[in-house]
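So the structure is just underneath, and the comments pick up after that.
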Amino acid sequence: MSYLIAFFVGGAICALGQLVLELTGWTPAQLLVILTIIGGVLGGLGLYQPFLEFAGAGALIPVSGFGSSVALGAISEAKRIGFMGLFTGTFEIVGLGLTAAVIFGFLMALVFNPKE
Amino acid sequence: MGKKQGDQTYLFESPPVLIGARAVVGPREAAGPLGQYFDLPIDDPLFGEKTAEKAERRFLIEACNATLEGVGIKNEDVDFFLAGDLLNQIISASFTAREIRLPFLGLYGACSTVAEASALAGFLIDGGFANNVLVGVSSHYQTAERQFRYPIELNLKHKLSSQYTVTGAGAFLYAKKGAGPQLEAATVGKVVDYQITDPNDMGAAMAPAAADTILQHLEDTGRDPDYYDLILTGDLGEVGMQLNAALLEQYGVTLGSRYQDCGAMIYGGNPAHGAGGSGCACAAVTVAGYVLKEMEKGKLNRVLVVATGALHSPLTWQQGESIPGIAHAIVLERQGYS
Amino acid sequence: MTHIAPRDEADRQRRAASYQKLVQRYKPRPPIGRNMLMAFVVGGGLCLLGQIFFNIFLGMALTPREAAAPTLAVMIFLGALATGFGIYDELAEIGGAGAAIPISGFSNTVTAAAMEFKREGFILGMGAKMFVIAGPVLVYGIITGFTVALIRVFLLGM
């Protein structure tokens, strides 16, 4: 069941994103930024966690999950240690993803060259 | 002004002769419907080099050397090397000039450069300033992508109207006398900008310039489109080609079936390549390959080549400016035909 | 014969406006429904793949929050690997936003830039340009997260 929900929720987000691209002529970069901001705002409003609990990877994998994770990290650290938590907390959850992207990206670039 | 005809067209008094030309192309182009016409197909788009920029240069050097060897002319007998490409500071052209050591004038007309350079070669020769002028242009899919667009491996779905940069180079040797088709006339185009801002739709940005130059050429010379066996635009692609024809219709000029576009021809409408080919090499290799060989066979006698260029940069696009277009026309005619 | 090139500024604007209509008529229409379907399938498929790993990590007695991190790491690794093999851009040619929106697409932008700019050296090329595409997501993700946390915790006290 969790697989079906992840497939349909994740797929729906991507299909909607594609529709926005087709109708507005935005570049994908613009779409990704908007989705990240939406995720961050929903995370801040406390609405993304119930969505995550419902949809699992369908909410976690899209880039909106990245935005909400930044917000959630900042909120929980700010609650824990105060004002400085706003600064240390943004990378609390997504730090792993960023580090992974840099390390794997670096390793792949060592091994592979672009192909046409 | 004996040689000037009308506002923008020049008829050469003693027409320079295109005594040799070579088209060097990458695998994508060699696999297309014009593949059999290209002189030197290269299997490896990187041409054995480490970077795409070096590879593009290799294509151009190869085309120039093969052209000179083909007609048996020594480097010191060439008076000028007119060349250009799409990269910043036209590095392919100038680094090629460093290799082949000829007096060099670098040009930038984006994808219209081959016609710009050919017109200038005609002026130099017919004006008595030169006997032999070598023209060379190049483009490369990978170098153009990184300069104008994104990394090659980026997740990006191409638009139906977007075009693929042709990997290859074309070189042409114009001489005062010799065997080969004549450069009969040239029309120098104006920059035309109809406020197209979509960089995925270059054909639409350039079509008004092509239409303007064609109209001007016909007006200046008093000719009809059917004076030519073939009217060939550079790289408008399938979308821009229709727009150009539609614009000309508005002015009562029907191009009909004699009208073709290098960009639309080179990949043969393969949908994987969007609306077709583009790049400096697009018009150059199509003329050096297809047009010249068909002229040799006698299947084409008079050809109007209208090479088109988009004169924007990624910077001007990001700053919200529209894409200006330009088109220059040259007339190639089989010797003794008229 | 009239000229296509505009005579003056007013003429230019008039012609540009009428040309835009012509362009709209000849511009190929993208198959929006089909593109959306492919985005749905590819994007949904990637999320389904993520759910498989998520469930595996949940099965290792991790809490959902603990399981999220390794799931993302695996998807990022797979995105980078597929980019290295030159598959991910082809997946995007099929799936469009379906390949761009999942976190593997974020990983693709980093890896594709790293591979592309390696030729300009490890520091000024790869190092400087690795986030040339992914950068905006990071910048606005951090600004948004910072701002909502500031408002929620310190202004609203929630």
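Here, A, B, ... name the chains of the structure tokens in the order displayed, residue numbers run from 1 inside each chain, and ligands are numbered from 1 in the same displayed order.
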Q.
as a list in words, could you give me every residue of chain A near chain B (at most 12 Å apart, counting only C-alpha atoms)?
A.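 Matching residues, ligands excluded from the count: Gln18, Leu21, Glu22, Thr24, Gly25, Trp26, Thr27, Pro28, Ala29, Met108, Ala109, Phe112, Asn113, Pro114, Lys115 and Glu116 of chain A.
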Any chance you could tabulate, as CSV, the residues of region 2-103 of chain C at most 8 Å from region 97-102 of chain A with each one's nearest atom pair and distance in Å to one decimal, using only C-alpha atoms, in chain and rising number order?
residue,atom,partner,partner_atom,distance
C:Ala69,CA,A:Gly97,CA,7.4
C:Leu72,CA,A:Gly97,CA,6.4
C:Ala73,CA,A:Gly97,CA,5.8
C:Ile76,CA,A:Ala101,CA,6.1
C:Phe77,CA,A:Ala100,CA,7.2
C:Ala80,CA,A:Ala101,CA,7.5
(Q) Residues near region 8-12 of chain A, anyone? I mean within 12 Å using only C-alpha atoms, not counting same-chain ones fewer than 3 positions away, as a PyMOL selection string. (A) (chain A and resi 1-5+15-19+51-52+54-65) or (chain C and resi 36-51+95-103)
**Q.** Proximal residues of chain B relative to chain C (only C-alpha atoms; 9 Å) as a ChimeraX atom specification
**A.** /B:50-51,146,150-161,190-196,201,204,208-209,211-213,215-216,219,239-240,242-243,246-248,251
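DSSP, applied to the backbone of this structure, assigns helix (DSSP H, G or I) to the following residues of region 141-170 of chain B: Tyr141, Gln142, Thr143, Ala144, Glu145, Arg146, Gln147 and Phe148 of chain B.
Each of A:Gly67, A:Gly46, A:Gly73, A:Gly39 was compared to chain C using only C-alpha atoms, and A:Gly67 turns out to be the nearest.
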Q) Leu232 (chain B): which residues within 8 Å, counting only C-alpha atoms, same-chain residues fewer than 2 positions away excluded, as a ChimeraX atom specification? A) /B:230,234,259-262,303-307
Taking C-alpha atoms for each residue, export the selection above as a PDB file, in the first residue's frame.
ATOM      1  CA  LEU B 230      17.455  26.404 -54.737  1.00  0.00           C
ATOM      2  CA  GLY B 234      21.001  28.499 -42.903  1.00  0.00           C
ATOM      3  CA  TYR B 259      13.023  26.575 -50.693  1.00  0.00           C
ATOM      4  CA  GLN B 260      14.954  24.475 -48.208  1.00  0.00           C
ATOM      5  CA  ASP B 261      16.733  25.001 -44.915  1.00  0.00           C
ATOM      6  CA  CYS B 262      20.056  23.452 -43.904  1.00  0.00           C
ATOM      7  CA  VAL B 303      21.716  28.752 -55.588  1.00  0.00           C
ATOM      8  CA  LEU B 304      20.858  31.533 -53.160  1.00  0.00           C
ATOM      9  CA  VAL B 305      22.387  30.745 -49.778  1.00  0.00           C
ATOM     10  CA  VAL B 306      20.940  32.805 -46.927  1.00  0.00           C
ATOM     11  CA  ALA B 307      22.887  32.012 -43.765  1.00  0.00           C
TER      12      ALA B 307
END
Q: Output as JSON, numbers by chain all residues of region 92-276 of chain B that backbone DSSP marks as strand (DSSP E).
A: {"B": [104, 105, 106, 132, 133, 134, 135, 136, 137, 138, 139, 164, 165, 168, 169, 170, 171, 172, 173, 174, 175, 182, 183, 184, 185, 186, 187, 230, 231, 232, 233, 259, 260, 261]}
Could you take the residues named above and write them with C-alpha atoms, as an mmCIF file, in the first residue's frame?
data_model
loop_
_atom_site.group_PDB
_atom_site.id
_atom_site.type_symbol
_atom_site.label_atom_id
_atom_site.label_comp_id
_atom_site.auth_asym_id
_atom_site.auth_seq_id
_atom_site.Cartn_x
_atom_site.Cartn_y
_atom_site.Cartn_z
ATOM 1 C CA PHE B 104 43.671 36.325 -40.292
ATOM 2 C CA LEU B 105 40.528 38.393 -39.954
ATOM 3 C CA GLY B 106 38.223 37.021 -37.270
ATOM 4 C CA ASN B 132 43.037 33.570 -52.822
ATOM 5 C CA VAL B 133 40.903 33.809 -49.686
ATOM 6 C CA LEU B 134 40.238 30.924 -47.321
ATOM 7 C CA VAL B 135 36.933 30.946 -45.408
ATOM 8 C CA GLY B 136 36.366 28.658 -42.427
ATOM 9 C CA VAL B 137 33.654 28.263 -39.788
ATOM 10 C CA SER B 138 32.954 25.670 -37.135
ATOM 11 C CA SER B 139 30.523 24.710 -34.397
ATOM 12 C CA TYR B 164 20.748 20.921 -32.040
ATOM 13 C CA THR B 165 24.105 22.495 -32.771
ATOM 14 C CA GLY B 168 31.611 20.040 -37.726
ATOM 15 C CA ALA B 169 33.410 22.599 -39.821
ATOM 16 C CA GLY B 170 33.345 23.846 -43.378
ATOM 17 C CA ALA B 171 36.163 25.506 -45.306
ATOM 18 C CA PHE B 172 35.946 27.265 -48.671
ATOM 19 C CA LEU B 173 38.701 28.579 -50.924
ATOM 20 C CA TYR B 174 37.722 31.492 -53.147
ATOM 21 C CA ALA B 175 40.095 32.487 -55.965
ATOM 22 C CA GLN B 182 31.191 31.420 -59.176
ATOM 23 C CA LEU B 183 30.303 33.754 -56.371
ATOM 24 C CA GLU B 184 27.976 35.916 -58.424
ATOM 25 C CA ALA B 185 26.459 38.274 -55.858
ATOM 26 C CA ALA B 186 26.170 38.980 -52.165
ATOM 27 C CA THR B 187 23.517 40.748 -50.099
ATOM 28 C CA LEU B 230 17.455 26.404 -54.737
ATOM 29 C CA ILE B 231 16.953 29.012 -52.036
ATOM 30 C CA LEU B 232 18.637 27.706 -48.925
ATOM 31 C CA THR B 233 18.387 29.319 -45.501
ATOM 32 C CA TYR B 259 13.023 26.575 -50.693
ATOM 33 C CA GLN B 260 14.954 24.475 -48.208
ATOM 34 C CA ASP B 261 16.733 25.001 -44.915
#
Q.
Env of Ile151 (chain C): 12 Å cut, atoms = only C-alpha atoms, seq-sep filter 4 positions within chain, self excluded. Answer as a list in words.
A.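 Returned residues: Val41, Gly44, Leu45, Ala71, Ala74, Ile75, Ala78, Phe83 and Leu86 of chain A; Thr144, Gly145, Phe146, Thr147, Leu155, Leu156, Gly157 and Met158 of chain C.
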(Q) So, with only C-alpha atoms as the atoms that count, which of C:Leu62, C:Val74, C:Ala149, C:Val139 lies closest to chain A? (A)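 Between C:Leu62, C:Val74, C:Ala149, C:Val139, the residue approaching chain A most closely is C:Ala149.
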Q) A:Arg80, A:Val94, A:Gly105, A:Glu53: which is nearest chain C, counting only C-alpha atoms? A) A:Gly105
Q) Between B:Ala207, B:Gln163, B:Val188, B:Asp43, which has the minimum distance to Ala272 (chain B) (counting only C-alpha atoms)? A)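 For Ala272 (chain B), the nearest of the candidates is B:Gln163.
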Q: Find, counting only C-alpha atoms, the residue in A:Cys14, A:Leu23, A:Ile93, A:Leu47 that gets nearest to Leu35 (chain A).
A: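 Of A:Cys14, A:Leu23, A:Ile93, A:Leu47, the one nearest Leu35 (chain A), counting only C-alpha atoms, is A:Cys14.
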(Q) I'd like the interatomic distance between CA of Met75 (chain C) and CA of Gly95 (chain A), to a tenth of an Å. (A) 14.7 Å
